[in-house]
Every structure is written in structure tokens, then in C-alpha cells.
file coords12.cif (mmCIF, C-alpha atoms)
data_target
loop_
_atom_site.group_PDB
_atom_site.id
_atom_site.type_symbol
_atom_site.label_atom_id
_atom_site.label_comp_id
_atom_site.auth_asym_id
_atom_site.auth_seq_id
_atom_site.Cartn_x
_atom_site.Cartn_y
_atom_site.Cartn_z
ATOM 1 C CA MET I 1 13.152 -13.883 -59.695
ATOM 2 C CA SER I 2 11.688 -16.617 -61.847
ATOM 3 C CA SER I 3 9.745 -19.481 -60.322
ATOM 4 C CA MET I 4 8.426 -22.881 -61.359
ATOM 5 C CA TYR I 5 5.318 -22.418 -59.201
ATOM 6 C CA LYS I 6 2.003 -20.875 -60.204
ATOM 7 C CA LEU I 7 -1.475 -20.253 -58.805
ATOM 8 C CA ILE I 8 -0.682 -18.881 -55.321
ATOM 9 C CA ASP I 9 -1.197 -15.128 -55.081
ATOM 10 C CA PHE I 10 1.271 -13.694 -52.616
ATOM 11 C CA THR I 11 3.021 -10.539 -51.536
ATOM 12 C CA GLN I 12 6.688 -10.467 -50.610
ATOM 13 C CA PRO I 13 7.086 -9.489 -46.932
ATOM 14 C CA THR I 14 8.965 -6.249 -46.385
ATOM 15 C CA SER I 15 11.093 -7.574 -43.514
ATOM 16 C CA PHE I 16 12.447 -10.790 -42.034
ATOM 17 C CA GLU I 17 14.327 -11.724 -38.874
ATOM 18 C CA PHE I 18 15.198 -15.068 -37.369
ATOM 19 C CA THR I 19 13.295 -15.960 -34.215
ATOM 20 C CA LYS I 20 15.185 -15.976 -30.919
ATOM 21 C CA GLN I 21 15.358 -19.760 -31.099
ATOM 22 C CA ASN I 22 16.711 -19.658 -34.642
ATOM 23 C CA ILE I 23 19.254 -16.961 -33.754
ATOM 24 C CA LYS I 24 20.734 -19.552 -31.373
ATOM 25 C CA GLU I 25 20.737 -22.027 -34.253
ATOM 26 C CA VAL I 26 22.491 -19.452 -36.469
ATOM 27 C CA GLU I 27 25.189 -19.061 -33.807
ATOM 28 C CA GLU I 28 25.701 -22.820 -33.728
ATOM 29 C CA ILE I 29 25.889 -22.982 -37.528
ATOM 30 C CA LEU I 30 28.438 -20.153 -37.699
ATOM 31 C CA LYS I 31 30.698 -21.945 -35.185
ATOM 32 C CA LYS I 32 31.310 -24.565 -37.877
ATOM 33 C CA TYR I 33 33.090 -22.064 -40.120
ATOM 34 C CA PRO I 34 36.197 -19.894 -39.630
ATOM 35 C CA ASN I 35 35.114 -16.258 -39.267
ATOM 36 C CA GLN I 36 36.739 -15.310 -42.580
ATOM 37 C CA ASN I 37 34.727 -18.058 -44.288
ATOM 38 C CA LYS I 38 31.348 -17.468 -42.678
ATOM 39 C CA ARG I 39 29.845 -16.841 -46.129
ATOM 40 C CA SER I 40 29.931 -20.630 -46.502
ATOM 41 C CA ALA I 41 26.982 -20.746 -44.079
ATOM 42 C CA VAL I 42 24.659 -19.272 -46.724
ATOM 43 C CA MET I 43 23.037 -22.600 -47.595
ATOM 44 C CA PRO I 44 22.172 -23.756 -44.046
ATOM 45 C CA LEU I 45 20.888 -20.259 -43.240
ATOM 46 C CA LEU I 46 18.658 -20.258 -46.312
ATOM 47 C CA HIS I 47 17.360 -23.651 -45.223
ATOM 48 C CA LEU I 48 16.685 -22.326 -41.707
ATOM 49 C CA ALA I 49 14.859 -19.298 -43.130
ATOM 50 C CA GLN I 50 12.739 -21.578 -45.296
ATOM 51 C CA GLU I 51 11.816 -23.753 -42.311
ATOM 52 C CA GLN I 52 10.821 -20.669 -40.327
ATOM 53 C CA ASN I 53 8.760 -19.186 -43.156
ATOM 54 C CA ASN I 54 6.324 -21.987 -44.095
ATOM 55 C CA ASN I 55 8.663 -23.690 -46.577
ATOM 56 C CA TRP I 56 9.634 -20.722 -48.741
ATOM 57 C CA VAL I 57 12.384 -18.065 -48.694
ATOM 58 C CA PRO I 58 11.234 -14.480 -49.272
ATOM 59 C CA LYS I 59 13.542 -11.855 -50.740
ATOM 60 C CA ALA I 60 13.609 -10.084 -47.357
ATOM 61 C CA ALA I 61 15.110 -13.243 -45.791
ATOM 62 C CA MET I 62 17.803 -13.368 -48.478
ATOM 63 C CA ASP I 63 18.667 -9.711 -47.818
ATOM 64 C CA TYR I 64 18.766 -10.395 -44.084
ATOM 65 C CA ILE I 65 21.100 -13.372 -44.550
ATOM 66 C CA ALA I 66 23.341 -11.285 -46.817
ATOM 67 C CA LYS I 67 23.811 -8.759 -43.991
ATOM 68 C CA LEU I 68 24.501 -11.505 -41.445
ATOM 69 C CA LEU I 69 27.223 -12.982 -43.633
ATOM 70 C CA ASP I 70 28.675 -9.757 -45.068
ATOM 71 C CA LEU I 71 27.599 -10.731 -48.572
ATOM 72 C CA THR I 72 25.923 -8.720 -51.275
ATOM 73 C CA PRO I 73 22.236 -9.552 -51.728
ATOM 74 C CA MET I 74 23.025 -10.777 -55.253
ATOM 75 C CA GLN I 75 25.422 -13.414 -53.886
ATOM 76 C CA VAL I 76 22.605 -14.858 -51.790
ATOM 77 C CA TYR I 77 20.068 -14.597 -54.641
ATOM 78 C CA GLU I 78 22.445 -16.579 -56.863
ATOM 79 C CA VAL I 79 22.605 -19.465 -54.395
ATOM 80 C CA ALA I 80 18.861 -19.447 -53.688
ATOM 81 C CA ASN I 81 18.012 -19.478 -57.396
ATOM 82 C CA PHE I 82 20.572 -22.106 -58.372
ATOM 83 C CA TYR I 83 19.254 -24.814 -56.045
ATOM 84 C CA THR I 84 15.705 -26.092 -56.511
ATOM 85 C CA MET I 85 15.468 -27.028 -52.821
ATOM 86 C CA TYR I 86 14.849 -23.353 -52.001
ATOM 87 C CA ASN I 87 11.300 -22.243 -52.747
ATOM 88 C CA LYS I 88 11.112 -18.608 -53.779
ATOM 89 C CA GLN I 89 7.373 -18.268 -53.298
ATOM 90 C CA PRO I 90 4.737 -20.003 -51.166
ATOM 91 C CA VAL I 91 3.997 -23.672 -51.736
ATOM 92 C CA GLY I 92 1.245 -25.918 -50.460
ATOM 93 C CA ASP I 93 1.425 -27.605 -47.078
ATOM 94 C CA ASN I 94 2.607 -30.730 -48.909
ATOM 95 C CA LEU I 95 5.273 -30.101 -51.548
ATOM 96 C CA ILE I 96 5.295 -33.142 -53.833
ATOM 97 C CA GLN I 97 8.549 -33.534 -55.768
ATOM 98 C CA VAL I 98 8.460 -36.299 -58.358
ATOM 99 C CA CYS I 99 11.895 -37.446 -59.504
ATOM 100 C CA ARG I 100 12.110 -37.572 -63.302
ATOM 101 C CA THR I 101 15.756 -38.581 -63.768
ATOM 102 C CA THR I 102 16.563 -41.699 -65.828
ATOM 103 C CA PRO I 103 16.199 -44.536 -63.224
ATOM 104 C CA CYS I 104 12.893 -43.145 -61.969
ATOM 105 C CA TRP I 105 11.655 -42.408 -65.491
ATOM 106 C CA LEU I 106 12.505 -45.944 -66.630
ATOM 107 C CA SER I 107 10.629 -47.259 -63.589
ATOM 108 C CA GLY I 108 7.486 -45.289 -64.414
ATOM 109 C CA SER I 109 7.789 -41.873 -62.773
ATOM 110 C CA ASN I 110 5.708 -40.392 -65.597
ATOM 111 C CA LYS I 111 2.812 -42.557 -64.395
ATOM 112 C CA ILE I 112 3.387 -41.299 -60.852
ATOM 113 C CA THR I 113 3.202 -37.710 -62.109
ATOM 114 C CA GLU I 114 -0.007 -38.460 -63.998
ATOM 115 C CA ILE I 115 -1.730 -40.007 -60.970
ATOM 116 C CA CYS I 116 -0.774 -36.935 -58.901
ATOM 117 C CA LYS I 117 -2.167 -34.595 -61.557
ATOM 118 C CA LYS I 118 -5.393 -36.584 -61.833
ATOM 119 C CA LYS I 119 -5.867 -37.066 -58.089
ATOM 120 C CA LEU I 120 -5.135 -33.460 -57.142
ATOM 121 C CA GLY I 121 -6.591 -31.738 -60.201
ATOM 122 C CA ILE I 122 -3.441 -29.693 -60.839
ATOM 123 C CA ASP I 123 -0.600 -29.624 -63.333
ATOM 124 C CA ILE I 124 3.158 -29.511 -62.812
ATOM 125 C CA GLY I 125 4.100 -26.319 -60.985
ATOM 126 C CA GLU I 126 0.622 -25.713 -59.634
ATOM 127 C CA THR I 127 -0.929 -25.640 -56.179
ATOM 128 C CA THR I 128 -4.375 -26.893 -55.180
ATOM 129 C CA ASN I 129 -6.971 -24.259 -54.367
ATOM 130 C CA ASP I 130 -6.998 -25.303 -50.712
ATOM 131 C CA LYS I 131 -3.203 -24.758 -50.591
ATOM 132 C CA GLN I 132 -2.674 -28.339 -49.427
ATOM 133 C CA PHE I 133 -0.523 -29.618 -52.306
ATOM 134 C CA THR I 134 2.034 -28.250 -54.759
ATOM 135 C CA LEU I 135 3.271 -30.577 -57.503
ATOM 136 C CA VAL I 136 6.689 -30.280 -59.165
ATOM 137 C CA GLU I 137 9.115 -32.503 -61.040
ATOM 138 C CA VAL I 138 12.758 -32.500 -59.944
ATOM 139 C CA GLU I 139 16.057 -34.021 -60.940
ATOM 140 C CA CYS I 140 17.673 -36.897 -59.061
ATOM 141 C CA LEU I 141 16.557 -37.380 -55.457
ATOM 142 C CA GLY I 142 19.426 -39.802 -54.862
ATOM 143 C CA ALA I 143 17.438 -42.971 -54.158
ATOM 144 C CA CYS I 144 17.803 -44.536 -57.610
ATOM 145 C CA VAL I 145 17.804 -48.166 -56.417
ATOM 146 C CA ASN I 146 14.292 -47.682 -55.030
ATOM 147 C CA ALA I 147 12.871 -45.919 -58.096
ATOM 148 C CA PRO I 148 10.423 -44.412 -58.714
ATOM 149 C CA VAL I 149 10.793 -41.984 -55.827
ATOM 150 C CA VAL I 150 8.771 -39.001 -54.638
ATOM 151 C CA GLN I 151 9.745 -36.550 -51.904
ATOM 152 C CA ILE I 152 6.885 -34.969 -49.939
ATOM 153 C CA ASN I 153 8.226 -32.233 -47.689
ATOM 154 C CA ASN I 154 11.091 -33.972 -45.845
ATOM 155 C CA ASP I 155 9.984 -37.575 -46.420
ATOM 156 C CA TYR I 156 10.830 -39.979 -49.253
ATOM 157 C CA TYR I 157 8.287 -42.439 -50.665
ATOM 158 C CA GLU I 158 10.028 -45.141 -52.693
ATOM 159 C CA ASP I 159 9.238 -48.176 -54.869
ATOM 160 C CA LEU I 160 6.048 -46.476 -55.976
ATOM 161 C CA SER I 161 3.379 -47.560 -58.419
ATOM 162 C CA PRO I 162 0.387 -45.444 -59.467
ATOM 163 C CA GLU I 163 -1.772 -47.383 -56.980
ATOM 164 C CA LYS I 164 0.708 -46.885 -54.133
ATOM 165 C CA MET I 165 1.045 -43.178 -54.959
ATOM 166 C CA ASP I 166 -2.738 -42.877 -54.894
ATOM 167 C CA ALA I 167 -2.753 -44.494 -51.435
ATOM 168 C CA VAL I 168 -0.069 -42.086 -50.185
ATOM 169 C CA LEU I 169 -2.060 -39.068 -51.391
ATOM 170 C CA GLU I 170 -5.283 -40.493 -49.949
ATOM 171 C CA SER I 171 -3.645 -40.956 -46.539
ATOM 172 C CA ILE I 172 -2.214 -37.433 -46.492
ATOM 173 C CA THR I 173 -5.512 -35.915 -47.639
ATOM 174 C CA ASN I 174 -7.379 -37.695 -44.842
ATOM 175 C CA ASN I 175 -4.712 -37.032 -42.182
ATOM 176 C CA ARG I 176 -3.955 -40.723 -41.848
ATOM 177 C CA LYS I 177 -0.422 -41.724 -40.947
ATOM 178 C CA ILE I 178 1.469 -43.563 -43.663
ATOM 179 C CA ALA I 179 4.986 -44.918 -43.351
ATOM 180 C CA HIS I 180 7.529 -43.224 -45.573
ATOM 181 C CA GLY I 181 10.372 -45.082 -47.262
ATOM 182 C CA SER I 182 9.811 -48.126 -49.456
ATOM 183 C CA GLN I 183 6.168 -48.763 -50.274
ATOM 184 C CA SER I 184 6.925 -52.355 -51.351
ATOM 185 C CA GLY I 185 8.334 -53.593 -48.040
ATOM 186 C CA ARG I 186 11.940 -53.418 -49.268
ATOM 187 C CA LEU I 187 14.518 -53.142 -46.475
ATOM 188 C CA ASN I 188 16.512 -49.974 -47.186
ATOM 189 C CA SER I 189 18.039 -50.599 -50.640
ATOM 190 C CA ALA I 190 18.221 -54.399 -50.473
ATOM 191 C CA PRO I 191 17.519 -56.331 -53.690
ATOM 192 C CA GLU I 192 13.844 -57.090 -54.294
ATOM 193 C CA GLY I 193 12.859 -60.373 -52.664
ATOM 194 C CA TRP I 194 15.829 -60.298 -50.275
ATOM 195 C CA ILE I 195 13.656 -60.134 -47.149
ATOM 196 C CA ALA I 196 11.650 -63.235 -48.058
ATOM 197 C CA LYS I 197 14.800 -65.214 -48.884
ATOM 198 C CA HIS I 198 16.636 -64.200 -45.697
ATOM 199 C CA LYS I 199 13.724 -64.009 -43.266
ATOM 200 C CA ASN I 200 14.946 -66.994 -41.296
#

call {"tool": "encode", "arguments": {"input": "coords12.cif", "output": "C-alpha cells"}}
result
Amino acid sequence: MSSMYKLIDFTQPTSFEFTKQNIKEVEEILKKYPNQNKRSAVMPLLHLAQEQNNNWVPKAAMDYIAKLLDLTPMQVYEVANFYTMYNKQPVGDNLIQVCRTTPCWLSGSNKITEICKKKLGIDIGETTNDKQFTLVEVECLGACVNAPVVQINNDYYEDLSPEKMDAVLESITNNRKIAHGSQSGRLNSAPEGWIAKHKN
């Protein structure tokens, strides 16, 4: 399987099973689908496997899910390789996904990428030597109004500038809490300046 990530040396595990807790979660997921359509649960099960396995899905997990859902392994591989949200090899503790689609690009996402590269000393698709950060570019993250946007693990950081991105990375590096969402004080996706005008 091809991958956009480099630098981490790893070995595919030879086996995978869901934990007892996650088996209960699997049962709850499968209840959402008619038995004859349980193959439709492939995406949430891949997501669950990724959560259990330090944010990546090994081949053994795909094979395991195929058996659970009465699918061929290839049917699961196809789904896992089609969607970029599934990582097929290890990533750093903080997976930085910089949106590069048109609204973010027009708002300066290329500058956000450059500050990440400079600050972390890595290129696109690479992981820092301490395994703390992996940097990738992705297509639309779906928060176009608040461009440019970066997703770090499960959190969105919006309305970024190079300086604000630097501050986000600095906070994460030093284990300081930083609020996710808009970094400009915008309320959700309200027009810029709306808060000041409607404060009273």
C-alpha cells in the first residue's frame, strides 16, 4: 500500500483484535445497520481501529475487520486507501493537516505550511525525529469561512496567520493548553467584526 508519510521505520503487526471495550462499541455500531448490510460499518470500524492503534490502521486490522463484516480483505483495503483520514502507517503524536483547497490557499495556507516546515524542521509527509509531529497537506476540511484552517488530531485551528500557527505549535510543543477553533476571536463562522458590533 502506498503512503504519503515518510521517515518512521515500522513493522506491520502480525495480528489485531479489538479490545473488550471496543468489542462493545463494535456491537453498538453494528446495531445501526440491518444484518444484510453490515458491510456498511466498514468506515466506523476502521476509525475505531485507528483510535485503538495510536492513530494508524495496520493491515492486520483491515483483515480483522474484513472477517467481522464478511468482506474480502481487498474491499476493506479499497476503503482505507481511498480516504485520507485513515493513516496506513504510524504518524507522530500530533498529526498536522494543513488544508490547501482554494479558500484556504487564497487566505494564505501556503504560508501556514511554510511556518510548520520551518518550525518543525520537516517537509510535507515527514515526521519529526522525536515522533511528536507529522505534517501533511489535505483537501477541504470543510471550514472554508474560517480559512486558513489546520486540523491537528481531532481539533480544528481556524483563522490562522503564520504568527498564530507558530503560537499553536509552540503551545503544543511545551504542553501548554491552547483553545482550538478560531484563533482570531471569531464566534463560530460569524462575519469578521460581528462580535464587536453586536457585543451590547

call {"tool": "atom_distance", "arguments": {"input": "coords12.cif", "atom1": "CA of Lys38 in chain I", "atom2": "CA of Val79 in chain I"}}
result
14.8 Å

call {"tool": "resolve_selection", "arguments": {"input": "coords12.cif", "expression": "the PyMOL selection byres ((chain I and resi 91) around 10)", "output": "JSON, numbers by chain"}}
result
{"I": [5, 6, 7, 8, 54, 55, 56, 87, 88, 89, 90, 92, 93, 94, 95, 96, 125, 126, 127, 128, 131, 132, 133, 134, 135]}

call {"tool": "write_last_selection", "arguments": {"input": "coords12.cif", "atoms": "C-alpha atoms", "output": "compact mmCIF listing (two decimals), in the coordinates of the input"}}
result
# COMPACT_ATOMS: atom_id res chain seq x y z
CA TYR I 5 5.32 -22.42 -59.20
CA LYS I 6 2.00 -20.88 -60.20
CA LEU I 7 -1.48 -20.25 -58.80
CA ILE I 8 -0.68 -18.88 -55.32
CA ASN I 54 6.32 -21.99 -44.10
CA ASN I 55 8.66 -23.69 -46.58
CA TRP I 56 9.63 -20.72 -48.74
CA ASN I 87 11.30 -22.24 -52.75
CA LYS I 88 11.11 -18.61 -53.78
CA GLN I 89 7.37 -18.27 -53.30
CA PRO I 90 4.74 -20.00 -51.17
CA GLY I 92 1.25 -25.92 -50.46
CA ASP I 93 1.42 -27.60 -47.08
CA ASN I 94 2.61 -30.73 -48.91
CA LEU I 95 5.27 -30.10 -51.55
CA ILE I 96 5.30 -33.14 -53.83
CA GLY I 125 4.10 -26.32 -60.98
CA GLU I 126 0.62 -25.71 -59.63
CA THR I 127 -0.93 -25.64 -56.18
CA THR I 128 -4.38 -26.89 -55.18
CA LYS I 131 -3.20 -24.76 -50.59
CA GLN I 132 -2.67 -28.34 -49.43
CA PHE I 133 -0.52 -29.62 -52.31
CA THR I 134 2.03 -28.25 -54.76
CA LEU I 135 3.27 -30.58 -57.50

call {"tool": "atom_distance", "arguments": {"input": "coords12.cif", "atom1": "CA of Ile115 in chain I", "atom2": "CA of His180 in chain I"}}
result
18.3 Å

call {"tool": "resolve_selection", "arguments": {"input": "coords12.cif", "expression": "the PyMOL selection byres ((chain I and resi 42) around 8)", "output": "ChimeraX atom specification"}}
result
/I:39-41,43-46,65,69,76,79

call {"tool": "residues_around", "arguments": {"input": "coords12.cif", "residues": "Tyr157 in chain I", "least_positions_apart": "3", "cutoff": "8 Å", "atoms": "only C-alpha atoms", "output": "PyMOL selection string"}}
result
chain I and resi 149-152+160+180-183

call {"tool": "closest_residue", "arguments": {"input": "coords12.cif", "among": "I:Ile112, I:Lys67, I:Ala80, I:Leu106", "to": "Ala167 in chain I", "atoms": "only C-alpha atoms"}}
result
I:Ile112

call {"tool": "axis_aligned_box", "arguments": {"input": "coords12.cif", "around": "range 174-186 of chain I", "padding_each_side": "5 Å", "output": "AutoDock Vina command-line options"}}
result
--center_x 2.3 --center_y -45.3 --center_z -46.1 --size_x 29.3 --size_y 26.6 --size_z 20.4

call {"tool": "resolve_selection", "arguments": {"input": "coords12.cif", "expression": "the PyMOL selection byres ((chain I and resi 103) around 10)", "output": "number ranges by chain"}}
result
I: 99-102, 104-109, 140, 143-149

call {"tool": "atom_distance", "arguments": {"input": "coords12.cif", "atom1": "CA of Gly121 in chain I", "atom2": "CA of Val57 in chain I"}}
result
26.1 Å

call {"tool": "closest_residue", "arguments": {"input": "coords12.cif", "among": "I:Glu28, I:Glu78, I:Glu51, I:Glu170", "to": "Ala66 in chain I", "atoms": "all atoms listed in the file"}}
result
I:Glu78

call {"tool": "closest_residue", "arguments": {"input": "coords12.cif", "among": "I:Gly142, I:Lys31, I:Lys177, I:Cys116", "to": "Lys164 in chain I", "atoms": "only C-alpha atoms"}}
result
I:Cys116

call {"tool": "residues_around", "arguments": {"input": "coords12.cif", "residues": "Thr14 in chain I", "least_positions_apart": "4", "cutoff": "10 Å", "atoms": "all atoms listed in the file", "output": "ChimeraX atom specification"}}
result
/I:58-61

call {"tool": "residues_around", "arguments": {"input": "coords12.cif", "residues": "Tyr64 in chain I", "least_positions_apart": "4", "cutoff": "7 Å", "atoms": "only C-alpha atoms", "output": "PDB file with C-alpha atoms, in the frame of the given file"}}
result
ATOM      1  CA  PHE I  16      12.447 -10.790 -42.034  1.00  0.00           C
ATOM      2  CA  GLU I  17      14.327 -11.724 -38.874  1.00  0.00           C
ATOM      3  CA  ALA I  60      13.609 -10.084 -47.357  1.00  0.00           C
ATOM      4  CA  LEU I  68      24.501 -11.505 -41.445  1.00  0.00           C
TER       5      LEU I  68
END

call {"tool": "decode", "arguments": {"input": "coords12.cif", "residues": "range 104-143 of chain I", "atoms": "N, CA and C atoms", "output": "PDB file, in the first residue's frame"}}
result
ATOM      1  N   CYS I 104      -8.712  28.197   1.495  1.00  0.00           N
ATOM      2  CA  CYS I 104      -7.564  28.257   2.408  1.00  0.00           C
ATOM      3  C   CYS I 104      -6.315  28.755   1.683  1.00  0.00           C
ATOM      4  N   TRP I 105      -6.119  28.294   0.455  1.00  0.00           N
ATOM      5  CA  TRP I 105      -4.951  28.721  -0.320  1.00  0.00           C
ATOM      6  C   TRP I 105      -4.992  30.229  -0.563  1.00  0.00           C
ATOM      7  N   LEU I 106      -6.180  30.735  -0.944  1.00  0.00           N
ATOM      8  CA  LEU I 106      -6.321  32.173  -1.175  1.00  0.00           C
ATOM      9  C   LEU I 106      -6.101  32.978   0.103  1.00  0.00           C
ATOM     10  N   SER I 107      -6.351  32.345   1.241  1.00  0.00           N
ATOM     11  CA  SER I 107      -6.183  33.028   2.533  1.00  0.00           C
ATOM     12  C   SER I 107      -4.791  32.821   3.127  1.00  0.00           C
ATOM     13  N   GLY I 108      -3.917  32.139   2.387  1.00  0.00           N
ATOM     14  CA  GLY I 108      -2.528  32.035   2.841  1.00  0.00           C
ATOM     15  C   GLY I 108      -2.112  30.715   3.452  1.00  0.00           C
ATOM     16  N   SER I 109      -2.778  29.613   3.078  1.00  0.00           N
ATOM     17  CA  SER I 109      -2.395  28.327   3.672  1.00  0.00           C
ATOM     18  C   SER I 109      -0.967  27.921   3.315  1.00  0.00           C
ATOM     19  N   ASN I 110      -0.469  28.405   2.173  1.00  0.00           N
ATOM     20  CA  ASN I 110       0.921  28.086   1.817  1.00  0.00           C
ATOM     21  C   ASN I 110       1.893  28.669   2.839  1.00  0.00           C
ATOM     22  N   LYS I 111       1.545  29.835   3.400  1.00  0.00           N
ATOM     23  CA  LYS I 111       2.388  30.426   4.441  1.00  0.00           C
ATOM     24  C   LYS I 111       2.293  29.634   5.741  1.00  0.00           C
ATOM     25  N   ILE I 112       1.114  29.053   5.990  1.00  0.00           N
ATOM     26  CA  ILE I 112       0.940  28.213   7.175  1.00  0.00           C
ATOM     27  C   ILE I 112       1.802  26.960   7.035  1.00  0.00           C
ATOM     28  N   THR I 113       1.793  26.361   5.849  1.00  0.00           N
ATOM     29  CA  THR I 113       2.627  25.184   5.600  1.00  0.00           C
ATOM     30  C   THR I 113       4.098  25.518   5.810  1.00  0.00           C
ATOM     31  N   GLU I 114       4.526  26.669   5.291  1.00  0.00           N
ATOM     32  CA  GLU I 114       5.932  27.046   5.388  1.00  0.00           C
ATOM     33  C   GLU I 114       6.365  27.265   6.833  1.00  0.00           C
ATOM     34  N   ILE I 115       5.494  27.877   7.654  1.00  0.00           N
ATOM     35  CA  ILE I 115       5.871  28.091   9.054  1.00  0.00           C
ATOM     36  C   ILE I 115       5.967  26.763   9.783  1.00  0.00           C
ATOM     37  N   CYS I 116       5.098  25.802   9.432  1.00  0.00           N
ATOM     38  CA  CYS I 116       5.170  24.463  10.040  1.00  0.00           C
ATOM     39  C   CYS I 116       6.476  23.772   9.660  1.00  0.00           C
ATOM     40  N   LYS I 117       6.830  23.846   8.389  1.00  0.00           N
ATOM     41  CA  LYS I 117       8.071  23.224   7.914  1.00  0.00           C
ATOM     42  C   LYS I 117       9.284  23.825   8.613  1.00  0.00           C
ATOM     43  N   LYS I 118       9.298  25.157   8.711  1.00  0.00           N
ATOM     44  CA  LYS I 118      10.427  25.845   9.334  1.00  0.00           C
ATOM     45  C   LYS I 118      10.502  25.554  10.830  1.00  0.00           C
ATOM     46  N   LYS I 119       9.353  25.619  11.493  1.00  0.00           N
ATOM     47  CA  LYS I 119       9.316  25.441  12.950  1.00  0.00           C
ATOM     48  C   LYS I 119       9.673  24.016  13.358  1.00  0.00           C
ATOM     49  N   LEU I 120       9.206  23.046  12.586  1.00  0.00           N
ATOM     50  CA  LEU I 120       9.383  21.642  12.951  1.00  0.00           C
ATOM     51  C   LEU I 120      10.597  20.992  12.290  1.00  0.00           C
ATOM     52  N   GLY I 121      11.144  21.652  11.260  1.00  0.00           N
ATOM     53  CA  GLY I 121      12.308  21.103  10.584  1.00  0.00           C
ATOM     54  C   GLY I 121      12.008  19.884   9.741  1.00  0.00           C
ATOM     55  N   ILE I 122      10.775  19.803   9.219  1.00  0.00           N
ATOM     56  CA  ILE I 122      10.372  18.679   8.372  1.00  0.00           C
ATOM     57  C   ILE I 122       9.675  19.193   7.127  1.00  0.00           C
ATOM     58  N   ASP I 123       9.523  18.313   6.150  1.00  0.00           N
ATOM     59  CA  ASP I 123       8.815  18.658   4.927  1.00  0.00           C
ATOM     60  C   ASP I 123       7.445  17.986   4.941  1.00  0.00           C
ATOM     61  N   ILE I 124       6.656  18.275   3.918  1.00  0.00           N
ATOM     62  CA  ILE I 124       5.346  17.634   3.777  1.00  0.00           C
ATOM     63  C   ILE I 124       5.531  16.117   3.739  1.00  0.00           C
ATOM     64  N   GLY I 125       4.720  15.412   4.514  1.00  0.00           N
ATOM     65  CA  GLY I 125       4.781  13.957   4.536  1.00  0.00           C
ATOM     66  C   GLY I 125       5.833  13.391   5.460  1.00  0.00           C
ATOM     67  N   GLU I 126       6.469  14.245   6.243  1.00  0.00           N
ATOM     68  CA  GLU I 126       7.522  13.765   7.131  1.00  0.00           C
ATOM     69  C   GLU I 126       7.118  13.881   8.592  1.00  0.00           C
ATOM     70  N   THR I 127       7.876  13.167   9.427  1.00  0.00           N
ATOM     71  CA  THR I 127       7.629  13.137  10.865  1.00  0.00           C
ATOM     72  C   THR I 127       8.900  13.563  11.588  1.00  0.00           C
ATOM     73  N   THR I 128       8.756  14.347  12.641  1.00  0.00           N
ATOM     74  CA  THR I 128       9.925  14.783  13.408  1.00  0.00           C
ATOM     75  C   THR I 128      10.611  13.585  14.045  1.00  0.00           C
ATOM     76  N   ASN I 129      11.910  13.740  14.288  1.00  0.00           N
ATOM     77  CA  ASN I 129      12.688  12.631  14.848  1.00  0.00           C
ATOM     78  C   ASN I 129      12.173  12.167  16.199  1.00  0.00           C
ATOM     79  N   ASP I 130      11.582  13.078  16.959  1.00  0.00           N
ATOM     80  CA  ASP I 130      11.049  12.687  18.277  1.00  0.00           C
ATOM     81  C   ASP I 130       9.650  12.108  18.188  1.00  0.00           C
ATOM     82  N   LYS I 131       9.147  11.946  16.956  1.00  0.00           N
ATOM     83  CA  LYS I 131       7.822  11.350  16.692  1.00  0.00           C
ATOM     84  C   LYS I 131       6.667  12.180  17.242  1.00  0.00           C
ATOM     85  N   GLN I 132       6.914  13.466  17.479  1.00  0.00           N
ATOM     86  CA  GLN I 132       5.869  14.322  18.036  1.00  0.00           C
ATOM     87  C   GLN I 132       4.946  14.903  16.969  1.00  0.00           C
ATOM     88  N   PHE I 133       5.464  15.150  15.766  1.00  0.00           N
ATOM     89  CA  PHE I 133       4.664  15.817  14.739  1.00  0.00           C
ATOM     90  C   PHE I 133       4.829  15.140  13.383  1.00  0.00           C
ATOM     91  N   THR I 134       3.724  14.991  12.672  1.00  0.00           N
ATOM     92  CA  THR I 134       3.724  14.619  11.260  1.00  0.00           C
ATOM     93  C   THR I 134       2.984  15.731  10.520  1.00  0.00           C
ATOM     94  N   LEU I 135       3.534  16.150   9.386  1.00  0.00           N
ATOM     95  CA  LEU I 135       2.965  17.259   8.628  1.00  0.00           C
ATOM     96  C   LEU I 135       2.488  16.785   7.264  1.00  0.00           C
ATOM     97  N   VAL I 136       1.211  17.026   6.957  1.00  0.00           N
ATOM     98  CA  VAL I 136       0.658  16.691   5.646  1.00  0.00           C
ATOM     99  C   VAL I 136      -0.222  17.832   5.159  1.00  0.00           C
ATOM    100  N   GLU I 137      -0.449  17.873   3.853  1.00  0.00           N
ATOM    101  CA  GLU I 137      -1.441  18.763   3.270  1.00  0.00           C
ATOM    102  C   GLU I 137      -2.634  17.923   2.856  1.00  0.00           C
ATOM    103  N   VAL I 138      -3.839  18.462   3.025  1.00  0.00           N
ATOM    104  CA  VAL I 138      -5.054  17.719   2.700  1.00  0.00           C
ATOM    105  C   VAL I 138      -5.993  18.614   1.900  1.00  0.00           C
ATOM    106  N   GLU I 139      -6.986  17.970   1.311  1.00  0.00           N
ATOM    107  CA  GLU I 139      -8.040  18.721   0.632  1.00  0.00           C
ATOM    108  C   GLU I 139      -9.073  19.165   1.652  1.00  0.00           C
ATOM    109  N   CYS I 140     -10.062  19.861   1.229  1.00  0.00           N
ATOM    110  CA  CYS I 140     -11.007  20.618   2.048  1.00  0.00           C
ATOM    111  C   CYS I 140     -11.336  19.998   3.411  1.00  0.00           C
ATOM    112  N   LEU I 141     -11.142  20.796   4.460  1.00  0.00           N
ATOM    113  CA  LEU I 141     -11.502  20.385   5.813  1.00  0.00           C
ATOM    114  C   LEU I 141     -12.903  20.865   6.186  1.00  0.00           C
ATOM    115  N   GLY I 142     -13.560  21.572   5.283  1.00  0.00           N
ATOM    116  CA  GLY I 142     -14.964  21.921   5.482  1.00  0.00           C
ATOM    117  C   GLY I 142     -15.215  23.099   6.413  1.00  0.00           C
ATOM    118  N   ALA I 143     -14.212  23.956   6.601  1.00  0.00           N
ATOM    119  CA  ALA I 143     -14.409  25.147   7.425  1.00  0.00           C
ATOM    120  C   ALA I 143     -13.953  26.361   6.631  1.00  0.00           C
TER     121      ALA I 143
END
